[in-house]
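Dropping data.cif in here (mmCIF, C-alpha atoms):
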```
data_structure
loop_
_atom_site.group_PDB
_atom_site.id
_atom_site.type_symbol
_atom_site.label_atom_id
_atom_site.label_comp_id
_atom_site.auth_asym_id
_atom_site.auth_seq_id
_atom_site.Cartn_x
_atom_site.Cartn_y
_atom_site.Cartn_z
ATOM 1 C CA MET A 1 -136.223 19.911 -7.232
ATOM 2 C CA THR A 2 -138.430 20.856 -4.239
ATOM 3 C CA VAL A 3 -138.187 19.329 -0.771
ATOM 4 C CA ASN A 4 -141.557 17.591 -1.194
ATOM 5 C CA THR A 5 -140.477 16.073 -4.498
ATOM 6 C CA LEU A 6 -137.256 14.802 -2.933
ATOM 7 C CA LYS A 7 -139.219 13.281 -0.035
ATOM 8 C CA ARG A 8 -141.491 11.564 -2.555
ATOM 9 C CA HIS A 9 -138.504 10.117 -4.422
ATOM 10 C CA LEU A 10 -136.976 8.872 -1.157
ATOM 11 C CA ARG A 11 -140.236 7.168 -0.138
ATOM 12 C CA GLU A 12 -140.647 5.531 -3.526
ATOM 13 C CA SER A 13 -137.066 4.240 -3.586
ATOM 14 C CA ILE A 14 -137.404 2.719 -0.096
ATOM 15 C CA LYS A 15 -140.815 1.171 -0.927
ATOM 16 C CA SER A 16 -139.314 -0.350 -4.061
ATOM 17 C CA LEU A 17 -136.648 -2.093 -1.978
ATOM 18 C CA GLY A 18 -139.416 -3.725 0.058
ATOM 19 C CA ARG A 19 -141.552 -4.675 -2.969
ATOM 20 C CA ASN A 20 -138.625 -6.525 -4.558
ATOM 21 C CA GLY A 21 -137.513 -8.182 -1.340
ATOM 22 C CA TRP A 22 -135.655 -11.197 -2.694
ATOM 23 C CA MET A 23 -133.889 -9.325 -5.468
ATOM 24 C CA THR A 24 -133.017 -6.566 -2.999
ATOM 25 C CA PHE A 25 -131.563 -9.160 -0.642
ATOM 26 C CA ALA A 26 -129.663 -10.795 -3.519
ATOM 27 C CA SER A 27 -128.205 -7.477 -4.674
ATOM 28 C CA ILE A 28 -127.213 -6.352 -1.179
ATOM 29 C CA SER A 29 -125.649 -9.770 -0.570
ATOM 30 C CA ALA A 30 -123.734 -9.547 -3.846
ATOM 31 C CA VAL A 31 -122.480 -6.061 -2.992
ATOM 32 C CA THR A 32 -121.571 -7.215 0.530
ATOM 33 C CA VAL A 33 -119.537 -10.177 -0.698
ATOM 34 C CA THR A 34 -117.972 -8.128 -3.479
ATOM 35 C CA LEU A 35 -116.968 -5.218 -1.251
ATOM 36 C CA LEU A 36 -115.703 -7.590 1.428
ATOM 37 C CA LEU A 37 -113.414 -9.244 -1.124
ATOM 38 C CA VAL A 38 -112.445 -5.843 -2.536
ATOM 39 C CA GLY A 39 -111.714 -4.593 0.983
ATOM 40 C CA VAL A 40 -109.503 -7.577 1.797
ATOM 41 C CA PHE A 41 -107.694 -7.198 -1.547
ATOM 42 C CA LEU A 42 -107.208 -3.467 -0.913
ATOM 43 C CA VAL A 43 -105.819 -4.010 2.578
ATOM 44 C CA VAL A 44 -103.436 -6.723 1.374
ATOM 45 C CA MET A 45 -102.445 -4.889 -1.830
ATOM 46 C CA LEU A 46 -101.830 -1.527 -0.170
ATOM 47 C CA ASN A 47 -99.725 -3.125 2.557
ATOM 48 C CA MET A 48 -97.840 -5.155 -0.033
ATOM 49 C CA ASN A 49 -97.402 -1.986 -2.063
ATOM 50 C CA ASN A 50 -96.026 -0.298 1.049
ATOM 51 C CA PHE A 51 -93.532 -3.162 1.515
ATOM 52 C CA ALA A 52 -92.631 -2.978 -2.176
ATOM 53 C CA LYS A 53 -92.053 0.783 -2.063
ATOM 54 C CA LYS A 54 -89.687 0.396 0.871
ATOM 55 C CA ILE A 55 -87.772 -2.311 -0.979
ATOM 56 C CA GLU A 56 -87.772 -0.292 -4.213
ATOM 57 C CA ASN A 57 -86.584 2.834 -2.405
ATOM 58 C CA ASP A 58 -83.729 0.820 -0.935
ATOM 59 C CA VAL A 59 -82.458 -0.002 -4.427
ATOM 60 C CA GLU A 60 -79.326 2.014 -5.114
ATOM 61 C CA ILE A 61 -76.517 2.263 -7.635
ATOM 62 C CA ARG A 62 -72.960 1.861 -6.368
ATOM 63 C CA VAL A 63 -70.423 3.504 -8.663
ATOM 64 C CA HIS A 64 -66.898 2.273 -7.920
ATOM 65 C CA ILE A 65 -64.429 4.992 -8.860
ATOM 66 C CA ASP A 66 -61.290 4.081 -10.786
ATOM 67 C CA VAL A 67 -58.254 4.009 -8.454
ATOM 68 C CA THR A 68 -56.319 6.199 -10.909
ATOM 69 C CA ALA A 69 -58.867 9.031 -10.644
ATOM 70 C CA THR A 70 -57.624 12.292 -9.127
ATOM 71 C CA LYS A 71 -59.710 14.575 -6.926
ATOM 72 C CA GLN A 72 -60.646 16.640 -9.981
ATOM 73 C CA ASP A 73 -61.619 13.461 -11.879
ATOM 74 C CA LYS A 74 -63.896 12.417 -9.023
ATOM 75 C CA GLU A 75 -65.562 15.827 -8.967
ATOM 76 C CA ALA A 76 -66.059 15.680 -12.743
ATOM 77 C CA LEU A 77 -67.626 12.207 -12.465
ATOM 78 C CA LYS A 78 -69.953 13.435 -9.717
ATOM 79 C CA ALA A 79 -71.008 16.385 -11.887
ATOM 80 C CA GLN A 80 -71.793 14.025 -14.786
ATOM 81 C CA ILE A 81 -73.914 11.793 -12.568
ATOM 82 C CA ASP A 82 -75.676 14.764 -10.999
ATOM 83 C CA ALA A 83 -76.574 16.061 -14.459
ATOM 84 C CA ILE A 84 -78.708 12.971 -15.160
ATOM 85 C CA PRO A 85 -82.334 14.158 -14.736
ATOM 86 C CA GLU A 86 -83.517 10.953 -13.004
ATOM 87 C CA VAL A 87 -80.863 11.162 -10.245
ATOM 88 C CA LYS A 88 -82.225 12.237 -6.873
ATOM 89 C CA GLU A 89 -79.284 11.844 -4.528
ATOM 90 C CA ILE A 90 -75.527 11.207 -4.608
ATOM 91 C CA LYS A 91 -73.430 10.235 -1.594
ATOM 92 C CA TYR A 92 -69.682 9.774 -1.471
ATOM 93 C CA SER A 93 -68.228 6.858 0.468
ATOM 94 C CA SER A 94 -64.445 6.628 0.780
ATOM 95 C CA LYS A 95 -62.663 3.280 0.570
ATOM 96 C CA GLU A 96 -61.949 3.548 4.312
ATOM 97 C CA GLN A 97 -65.682 3.887 5.019
ATOM 98 C CA GLU A 98 -66.392 0.983 2.665
ATOM 99 C CA LEU A 99 -63.965 -1.234 4.582
ATOM 100 C CA GLN A 100 -65.514 -0.297 7.926
ATOM 101 C CA ASN A 101 -68.993 -1.061 6.557
ATOM 102 C CA LEU A 102 -67.734 -4.428 5.324
ATOM 103 C CA ILE A 103 -66.247 -5.251 8.746
ATOM 104 C CA LYS A 104 -69.533 -4.317 10.497
ATOM 105 C CA SER A 105 -71.643 -6.348 8.079
ATOM 106 C CA PHE A 106 -69.821 -9.552 9.023
ATOM 107 C CA GLY A 107 -70.197 -9.008 12.775
ATOM 108 C CA GLU A 108 -67.617 -10.876 14.858
ATOM 109 C CA GLU A 109 -66.168 -12.548 11.771
ATOM 110 C CA GLY A 110 -65.501 -9.137 10.253
ATOM 111 C CA SER A 111 -62.435 -8.642 12.468
ATOM 112 C CA SER A 112 -60.400 -10.681 9.978
ATOM 113 C CA PHE A 113 -60.823 -7.882 7.409
ATOM 114 C CA LYS A 114 -58.977 -5.428 9.685
ATOM 115 C CA LEU A 115 -55.790 -6.789 8.134
ATOM 116 C CA PHE A 116 -56.621 -4.728 5.032
ATOM 117 C CA GLU A 117 -56.683 -1.409 6.887
ATOM 118 C CA GLN A 118 -53.029 -0.757 6.000
ATOM 119 C CA ASP A 119 -53.389 -1.830 2.376
ATOM 120 C CA ASN A 120 -57.041 -1.225 1.469
ATOM 121 C CA PRO A 121 -57.980 -2.941 -1.837
ATOM 122 C CA LEU A 122 -61.436 -1.338 -2.036
ATOM 123 C CA SER A 123 -62.459 1.646 -4.164
ATOM 124 C CA ASP A 124 -64.062 4.967 -3.344
ATOM 125 C CA VAL A 125 -67.766 4.800 -4.176
ATOM 126 C CA TYR A 126 -70.578 7.106 -5.220
ATOM 127 C CA ILE A 127 -73.939 5.842 -3.931
ATOM 128 C CA VAL A 128 -76.664 7.023 -6.307
ATOM 129 C CA LYS A 129 -80.432 6.973 -5.828
ATOM 130 C CA THR A 130 -82.992 7.793 -8.484
ATOM 131 C CA ALA A 131 -86.238 9.743 -8.023
ATOM 132 C CA LYS A 132 -88.143 6.729 -9.364
ATOM 133 C CA PRO A 133 -86.789 3.273 -8.430
ATOM 134 C CA THR A 134 -87.771 1.974 -11.889
ATOM 135 C CA ASP A 135 -85.232 4.370 -13.447
ATOM 136 C CA THR A 136 -82.372 2.609 -11.639
ATOM 137 C CA ILE A 137 -81.444 0.318 -14.529
ATOM 138 C CA LYS A 138 -81.492 3.102 -17.134
ATOM 139 C CA VAL A 139 -79.369 5.411 -14.975
ATOM 140 C CA ALA A 140 -76.891 2.633 -14.163
ATOM 141 C CA LYS A 141 -76.416 1.873 -17.869
ATOM 142 C CA LYS A 142 -75.744 5.539 -18.519
ATOM 143 C CA ILE A 143 -73.188 5.857 -15.692
ATOM 144 C CA GLU A 144 -71.313 2.827 -17.040
ATOM 145 C CA THR A 145 -70.333 4.935 -20.071
ATOM 146 C CA PHE A 146 -68.696 7.643 -17.936
ATOM 147 C CA LYS A 147 -64.947 7.881 -17.604
ATOM 148 C CA PHE A 148 -63.528 6.765 -14.239
ATOM 149 C CA ALA A 149 -66.712 4.798 -13.421
ATOM 150 C CA HIS A 150 -64.729 1.584 -12.962
ATOM 151 C CA LYS A 151 -67.628 -0.639 -11.937
ATOM 152 C CA VAL A 152 -71.351 0.038 -11.583
ATOM 153 C CA LYS A 153 -73.437 -2.264 -9.376
ATOM 154 C CA TYR A 154 -77.190 -2.152 -8.824
ATOM 155 C CA GLY A 155 -78.177 -5.772 -8.240
ATOM 156 C CA GLN A 156 -78.306 -6.586 -11.944
ATOM 157 C CA GLY A 157 -80.667 -9.450 -12.677
ATOM 158 C CA GLN A 158 -82.370 -9.347 -9.265
ATOM 159 C CA VAL A 159 -83.616 -5.758 -9.619
ATOM 160 C CA GLU A 160 -85.207 -6.513 -13.008
ATOM 161 C CA LYS A 161 -86.985 -9.560 -11.539
ATOM 162 C CA LEU A 162 -88.132 -7.533 -8.526
ATOM 163 C CA PHE A 163 -89.685 -4.755 -10.623
ATOM 164 C CA LYS A 164 -91.302 -7.269 -12.992
ATOM 165 C CA THR A 165 -92.792 -9.335 -10.141
ATOM 166 C CA LEU A 166 -94.187 -6.255 -8.394
ATOM 167 C CA LYS A 167 -95.741 -4.989 -11.627
ATOM 168 C CA VAL A 168 -97.417 -8.347 -12.342
ATOM 169 C CA ALA A 169 -98.750 -8.599 -8.766
ATOM 170 C CA ARG A 170 -100.212 -5.096 -8.920
ATOM 171 C CA ASN A 171 -101.860 -5.699 -12.300
ATOM 172 C CA ILE A 172 -103.399 -9.001 -11.159
ATOM 173 C CA GLY A 173 -104.769 -7.389 -7.988
ATOM 174 C CA LEU A 174 -106.233 -4.473 -9.925
ATOM 175 C CA GLY A 175 -107.826 -6.834 -12.467
ATOM 176 C CA LEU A 176 -109.484 -8.910 -9.712
ATOM 177 C CA ILE A 177 -110.876 -5.816 -8.005
ATOM 178 C CA LEU A 178 -112.321 -4.428 -11.253
ATOM 179 C CA GLY A 179 -113.881 -7.816 -12.064
ATOM 180 C CA LEU A 180 -115.586 -7.957 -8.661
ATOM 181 C CA LEU A 181 -116.932 -4.411 -9.001
ATOM 182 C CA PHE A 182 -118.411 -5.089 -12.440
ATOM 183 C CA THR A 183 -120.105 -8.235 -11.072
ATOM 184 C CA ALA A 184 -121.808 -6.206 -8.342
ATOM 185 C CA MET A 185 -122.903 -3.526 -10.825
ATOM 186 C CA PHE A 186 -124.395 -6.200 -13.098
ATOM 187 C CA LEU A 187 -126.475 -7.669 -10.256
ATOM 188 C CA ILE A 188 -127.745 -4.266 -9.126
ATOM 189 C CA SER A 189 -128.590 -3.398 -12.725
ATOM 190 C CA ASN A 190 -130.712 -6.568 -12.989
ATOM 191 C CA THR A 191 -132.569 -5.688 -9.787
ATOM 192 C CA ILE A 192 -133.470 -2.249 -11.155
ATOM 193 C CA LYS A 193 -134.571 -3.832 -14.456
ATOM 194 C CA ILE A 194 -137.019 -6.105 -12.638
ATOM 195 C CA THR A 195 -138.344 -3.104 -10.703
ATOM 196 C CA ILE A 196 -138.844 -1.128 -13.907
ATOM 197 C CA PHE A 197 -140.631 -4.039 -15.581
ATOM 198 C CA ALA A 198 -142.960 -4.511 -12.588
ATOM 199 C CA ARG A 199 -143.854 -0.824 -12.576
ATOM 200 C CA ARG A 200 -144.147 -0.306 -16.324
ATOM 201 C CA ARG A 201 -147.902 0.475 -16.109
ATOM 202 C CA GLU A 202 -147.336 3.029 -13.338
ATOM 203 C CA ILE A 203 -144.526 4.612 -15.363
ATOM 204 C CA GLU A 204 -146.750 4.832 -18.441
ATOM 205 C CA ILE A 205 -149.496 6.561 -16.416
ATOM 206 C CA MET A 206 -146.932 9.014 -15.024
ATOM 207 C CA ARG A 207 -145.837 9.817 -18.564
ATOM 208 C CA LEU A 208 -149.435 10.409 -19.665
ATOM 209 C CA VAL A 209 -150.059 12.904 -16.847
ATOM 210 C CA GLY A 210 -146.908 14.844 -17.805
ATOM 211 C CA ALA A 211 -144.172 13.529 -15.485
ATOM 212 C CA THR A 212 -140.708 14.429 -16.727
ATOM 213 C CA ASN A 213 -138.036 11.838 -17.434
ATOM 214 C CA SER A 214 -135.926 12.975 -14.468
ATOM 215 C CA PHE A 215 -138.961 12.733 -12.134
ATOM 216 C CA ILE A 216 -139.446 9.107 -13.148
ATOM 217 C CA ARG A 217 -135.755 8.204 -13.012
ATOM 218 C CA TRP A 218 -134.857 9.677 -9.596
ATOM 219 C CA PRO A 219 -136.414 6.899 -7.440
ATOM 220 C CA PHE A 220 -134.441 4.289 -9.396
ATOM 221 C CA PHE A 221 -131.177 6.181 -8.903
ATOM 222 C CA LEU A 222 -131.854 6.427 -5.169
ATOM 223 C CA GLU A 223 -132.743 2.736 -5.039
ATOM 224 C CA GLY A 224 -129.368 1.881 -6.545
ATOM 225 C CA LEU A 225 -127.702 4.168 -3.991
ATOM 226 C CA TRP A 226 -129.432 2.394 -1.069
ATOM 227 C CA LEU A 227 -128.462 -1.021 -2.425
ATOM 228 C CA GLY A 228 -124.827 0.029 -2.660
ATOM 229 C CA LEU A 229 -124.677 1.703 0.760
ATOM 230 C CA LEU A 230 -126.486 -1.132 2.559
ATOM 231 C CA GLY A 231 -124.153 -3.611 0.914
ATOM 232 C CA ALA A 232 -121.147 -1.662 2.262
ATOM 233 C CA VAL A 233 -122.178 -1.733 5.948
ATOM 234 C CA ILE A 234 -121.013 -5.279 6.798
ATOM 235 C CA PRO A 235 -117.724 -5.146 4.819
ATOM 236 C CA VAL A 236 -116.751 -1.818 6.417
ATOM 237 C CA THR A 237 -117.506 -3.134 9.911
ATOM 238 C CA LEU A 238 -115.616 -6.406 9.390
ATOM 239 C CA ILE A 239 -112.599 -4.703 7.783
ATOM 240 C CA LEU A 240 -112.288 -2.170 10.622
ATOM 241 C CA ILE A 241 -112.535 -4.788 13.383
ATOM 242 C CA SER A 242 -110.284 -7.322 11.642
ATOM 243 C CA TYR A 243 -107.540 -4.867 10.684
ATOM 244 C CA TYR A 244 -107.497 -3.389 14.196
ATOM 245 C CA ASN A 245 -106.924 -6.846 15.723
ATOM 246 C CA VAL A 246 -104.400 -7.940 13.072
ATOM 247 C CA TYR A 247 -102.440 -4.687 13.420
ATOM 248 C CA ALA A 248 -102.391 -4.923 17.237
ATOM 249 C CA PHE A 249 -101.212 -8.566 17.055
ATOM 250 C CA LEU A 250 -98.614 -8.367 14.263
ATOM 251 C CA GLU A 251 -97.071 -4.900 14.575
ATOM 252 C CA PRO A 252 -94.981 -5.645 17.708
ATOM 253 C CA LYS A 253 -93.711 -8.873 16.112
ATOM 254 C CA LEU A 254 -92.594 -7.338 12.793
ATOM 255 C CA THR A 255 -89.053 -6.130 13.512
ATOM 256 C CA ASN A 256 -87.901 -5.986 9.881
ATOM 257 C CA PRO A 257 -88.108 -2.314 8.740
ATOM 258 C CA PHE A 258 -89.370 -3.443 5.310
ATOM 259 C CA LEU A 259 -92.244 -5.440 6.814
ATOM 260 C CA LYS A 260 -94.243 -2.793 8.630
ATOM 261 C CA LEU A 261 -98.022 -2.640 8.379
ATOM 262 C CA LEU A 262 -99.679 0.636 7.537
ATOM 263 C CA PRO A 263 -100.936 2.194 10.818
ATOM 264 C CA PHE A 264 -104.593 1.526 11.685
ATOM 265 C CA SER A 265 -105.416 5.230 11.661
ATOM 266 C CA PRO A 266 -105.850 6.779 9.147
ATOM 267 C CA PHE A 267 -105.375 3.745 6.853
ATOM 268 C CA ALA A 268 -108.375 1.671 8.056
ATOM 269 C CA TRP A 269 -110.677 4.697 7.990
ATOM 270 C CA GLN A 270 -109.547 5.497 4.462
ATOM 271 C CA ILE A 271 -110.407 1.919 3.420
ATOM 272 C CA ALA A 272 -113.826 2.281 5.093
ATOM 273 C CA PHE A 273 -114.486 5.510 3.179
ATOM 274 C CA ILE A 274 -113.354 3.924 -0.110
ATOM 275 C CA LEU A 275 -115.657 0.909 0.384
ATOM 276 C CA GLY A 276 -118.608 3.153 1.249
ATOM 277 C CA ALA A 277 -117.952 5.338 -1.782
ATOM 278 C CA LEU A 278 -117.513 2.270 -4.015
ATOM 279 C CA GLY A 279 -120.791 0.822 -2.746
ATOM 280 C CA ALA A 280 -122.616 4.068 -3.529
ATOM 281 C CA CYS A 281 -120.957 4.420 -6.933
ATOM 282 C CA ILE A 282 -121.611 0.882 -8.146
ATOM 283 C CA GLY A 283 -125.193 1.117 -6.909
ATOM 284 C CA VAL A 284 -125.901 4.378 -8.736
ATOM 285 C CA TRP A 285 -123.973 3.251 -11.823
ATOM 286 C CA GLY A 286 -125.839 -0.049 -11.985
ATOM 287 C CA SER A 287 -129.105 1.838 -11.655
ATOM 288 C CA MET A 288 -128.179 4.384 -14.343
ATOM 289 C CA MET A 289 -127.115 1.658 -16.778
ATOM 290 C CA SER A 290 -130.406 -0.148 -16.269
ATOM 291 C CA VAL A 291 -132.554 2.979 -16.546
ATOM 292 C CA ARG A 292 -130.751 4.161 -19.649
ATOM 293 C CA ARG A 293 -131.165 0.858 -21.487
ATOM 294 C CA PHE A 294 -134.513 -0.444 -20.292
ATOM 295 C CA LEU A 295 -136.655 2.469 -19.142
ATOM 296 C CA LYS A 296 -138.499 3.669 -22.231
ATOM 297 C CA VAL A 297 -139.620 7.182 -21.396
#
```
Once more with this new file: its structure as structure tokens, please.
Amino acid sequence: MTVNTLKRHLRESIKSLGRNGWMTFASISAVTVTLLLVGVFLVVMLNMNNFAKKIENDVEIRVHIDVTATKQDKEALKAQIDAIPEVKEIKYSSKEQELQNLIKSFGEEGSSFKLFEQDNPLSDVYIVKTAKPTDTIKVAKKIETFKFAHKVKYGQGQVEKLFKTLKVARNIGLGLILGLLFTAMFLISNTIKITIFARRREIEIMRLVGATNSFIRWPFFLEGLWLGLLGAVIPVTLILISYYNVYAFLEPKLTNPFLKLLPFSPFAWQIAFILGALGACIGVWGSMMSVRRFLKV
């Protein structure tokens, strides 16, 4: 494609936006609303996903070692656990450390547990973490079968509910985003169809004088691109400004390590790039779908 041909296609695509003013406005508005909703969903979902990952990564398996186990038995149990492919990390915590942790967890009231320092009823523990948090249950079930694994705790019941809830939330969010994107593509496709119908005589003349299919199609592809990019301008601007203010306001107030927002940079800029790319993609895709089905060349 020559430079002059490209300039011609650019001019034609921009003129077409003006000729179909109301449909252009409707499509850009639809893309704007869609991408704004998608942007808000992405910001919320990715932050929620960040919270969820921190919670998931905090899930651990506590293997209480049988009190009758010798040093060699403990080493053998550790080797068995370490041989499980899904296991990422194993830490040993003696019963003395466990008692001190228990005392600290109760604060001032924990001093009453110091009575047990002479006759400690707790067990030595292996603290196990898996490479994937979702493998926790499977690994815990396997460790339960090992000799000298007296008791295996991993938050049974609560962990299953946590993983199930997070999975449902992610699937719902993804479904909503896909639905919004398809709506925008449908509206852009209709705009291009109207343009093609209005210019059917011009297209027929171009065919008669020998214009190739790609020469005729290019202005429509570019038109879809402009619709998508123009529709992304307002959502990107609003998301950047809003997230900057929300982050500046909330970040100092969120002291819980699990409830930390993703930092403005580079997160907000990544969202801006994604929205711009989505706008361009749905615009071009909507145009291509329309051209393929309704442009008879």
So, counting only C-alpha atoms, which residue among A:Gly224, A:Gly39, A:Pro85, A:Pro133 is closest to A:Leu240? A:Gly39
Once the PyMOL selection byres ((chain A and resi 244-256) around 12) is applied to the coordinates I shared, what remains selected? I want it as a ChimeraX atom specification. /A:43-44,47,51,54-55,237-243,257-269
With C-alpha atoms retained, could you export that selection as a compact mmCIF listing (two decimals), in the coordinates of the input?
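File produced: selection-v2.txt:
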```txt
# COMPACT_ATOMS: atom_id res chain seq x y z
CA VAL A 43 -105.82 -4.01 2.58
CA VAL A 44 -103.44 -6.72 1.37
CA ASN A 47 -99.72 -3.12 2.56
CA PHE A 51 -93.53 -3.16 1.52
CA LYS A 54 -89.69 0.40 0.87
CA ILE A 55 -87.77 -2.31 -0.98
CA THR A 237 -117.51 -3.13 9.91
CA LEU A 238 -115.62 -6.41 9.39
CA ILE A 239 -112.60 -4.70 7.78
CA LEU A 240 -112.29 -2.17 10.62
CA ILE A 241 -112.54 -4.79 13.38
CA SER A 242 -110.28 -7.32 11.64
CA TYR A 243 -107.54 -4.87 10.68
CA PRO A 257 -88.11 -2.31 8.74
CA PHE A 258 -89.37 -3.44 5.31
CA LEU A 259 -92.24 -5.44 6.81
CA LYS A 260 -94.24 -2.79 8.63
CA LEU A 261 -98.02 -2.64 8.38
CA LEU A 262 -99.68 0.64 7.54
CA PRO A 263 -100.94 2.19 10.82
CA PHE A 264 -104.59 1.53 11.68
CA SER A 265 -105.42 5.23 11.66
CA PRO A 266 -105.85 6.78 9.15
CA PHE A 267 -105.38 3.74 6.85
CA ALA A 268 -108.38 1.67 8.06
CA TRP A 269 -110.68 4.70 7.99
```
Report as number ranges by chain all protein, DNA and RNA residues lying within 12 Å of A:Ala79, evaluated on all atoms listed in the file, omitting residues in the same chain fewer than 4 positions from it. A: 72-75, 83-85, 87, 89-90, 126, 143, 146-147
Reference answer for the PyMOL selection byres ((chain A and resi 157-169) around 12), as a PDB file with C-alpha atoms, keeping the file's coordinate frame:
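This is the output file part_11.pdb:
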```pdb
ATOM      1  CA  PHE A  41    -107.694  -7.198  -1.547  1.00  0.00           C
ATOM      2  CA  VAL A  44    -103.436  -6.723   1.374  1.00  0.00           C
ATOM      3  CA  MET A  45    -102.445  -4.889  -1.830  1.00  0.00           C
ATOM      4  CA  LEU A  46    -101.830  -1.527  -0.170  1.00  0.00           C
ATOM      5  CA  MET A  48     -97.840  -5.155  -0.033  1.00  0.00           C
ATOM      6  CA  ASN A  49     -97.402  -1.986  -2.063  1.00  0.00           C
ATOM      7  CA  ASN A  50     -96.026  -0.298   1.049  1.00  0.00           C
ATOM      8  CA  PHE A  51     -93.532  -3.162   1.515  1.00  0.00           C
ATOM      9  CA  ALA A  52     -92.631  -2.978  -2.176  1.00  0.00           C
ATOM     10  CA  LYS A  53     -92.053   0.783  -2.063  1.00  0.00           C
ATOM     11  CA  ILE A  55     -87.772  -2.311  -0.979  1.00  0.00           C
ATOM     12  CA  GLU A  56     -87.772  -0.292  -4.213  1.00  0.00           C
ATOM     13  CA  ASN A  57     -86.584   2.834  -2.405  1.00  0.00           C
ATOM     14  CA  ASP A  58     -83.729   0.820  -0.935  1.00  0.00           C
ATOM     15  CA  VAL A  59     -82.458  -0.002  -4.427  1.00  0.00           C
ATOM     16  CA  GLU A  60     -79.326   2.014  -5.114  1.00  0.00           C
ATOM     17  CA  ILE A  61     -76.517   2.263  -7.635  1.00  0.00           C
ATOM     18  CA  LYS A 132     -88.143   6.729  -9.364  1.00  0.00           C
ATOM     19  CA  PRO A 133     -86.789   3.273  -8.430  1.00  0.00           C
ATOM     20  CA  THR A 134     -87.771   1.974 -11.889  1.00  0.00           C
ATOM     21  CA  ASP A 135     -85.232   4.370 -13.447  1.00  0.00           C
ATOM     22  CA  THR A 136     -82.372   2.609 -11.639  1.00  0.00           C
ATOM     23  CA  ILE A 137     -81.444   0.318 -14.529  1.00  0.00           C
ATOM     24  CA  LYS A 138     -81.492   3.102 -17.134  1.00  0.00           C
ATOM     25  CA  ALA A 140     -76.891   2.633 -14.163  1.00  0.00           C
ATOM     26  CA  LYS A 153     -73.437  -2.264  -9.376  1.00  0.00           C
ATOM     27  CA  TYR A 154     -77.190  -2.152  -8.824  1.00  0.00           C
ATOM     28  CA  GLY A 155     -78.177  -5.772  -8.240  1.00  0.00           C
ATOM     29  CA  GLN A 156     -78.306  -6.586 -11.944  1.00  0.00           C
ATOM     30  CA  ARG A 170    -100.212  -5.096  -8.920  1.00  0.00           C
ATOM     31  CA  ASN A 171    -101.860  -5.699 -12.300  1.00  0.00           C
ATOM     32  CA  ILE A 172    -103.399  -9.001 -11.159  1.00  0.00           C
ATOM     33  CA  GLY A 173    -104.769  -7.389  -7.988  1.00  0.00           C
ATOM     34  CA  LEU A 174    -106.233  -4.473  -9.925  1.00  0.00           C
ATOM     35  CA  GLY A 175    -107.826  -6.834 -12.467  1.00  0.00           C
ATOM     36  CA  LEU A 176    -109.484  -8.910  -9.712  1.00  0.00           C
TER      37      LEU A 176
END
```
Carefully work through the PyMOL selection byres ((chain A and resi 226) around 9) for this structure and note down the residues it includes, as a list in words. Ser13, Ile14, Leu17, Phe221, Leu222, Glu223, Gly224, Leu225, Leu227, Gly228, Leu229, Leu230, Gly231, Gly279, Ala280, Gly283 and Val284 of chain A
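With all atoms listed in the file as the atoms that count, the minimum distance from A:Lys88 to the choices A:Cys281, A:Ala131, A:Val152, A:Val236 is reached by A:Ala131.
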Using only C-alpha atoms and a cutoff of 12 Å, can you tell me which residues are near (-66.4, 2.1, 2.8) in the file's coordinates, and write them out as a ChimeraX atom specification? /A:62,64,91-105,117,120-127
What does the distance from atom CA of A:Asn213 to atom CA of A:Ala277 come to in Å, to one decimal? 26.3 Å
State, in Å with one decimal place, the distance from atom CA of A:Ile234 to atom CA of A:Ser287. 21.4 Å
Six-sided padding of 3 Å per side, axis-aligned box over stretch 37-53 of chain A, centre and edges in Å, one decimal, as lines of an AutoDock Vina configuration file:
```
center_x = -102.7
center_y = -4.2
center_z = 0.0
size_x = 27.4
size_y = 16.0
size_z = 11.1
```
Suppose you want the space between atom CA of A:Leu181 and atom CA of A:Val31; what is it in Å? 8.3 Å
Can you list, as a PyMOL selection string, every protein, DNA or RNA residue that comes within 12 Å of A:Arg8 when you count only C-alpha atoms, leaving out same-chain residues fewer than 3 positions away? chain A and resi 1-5+11-15+215-216+218-219+222
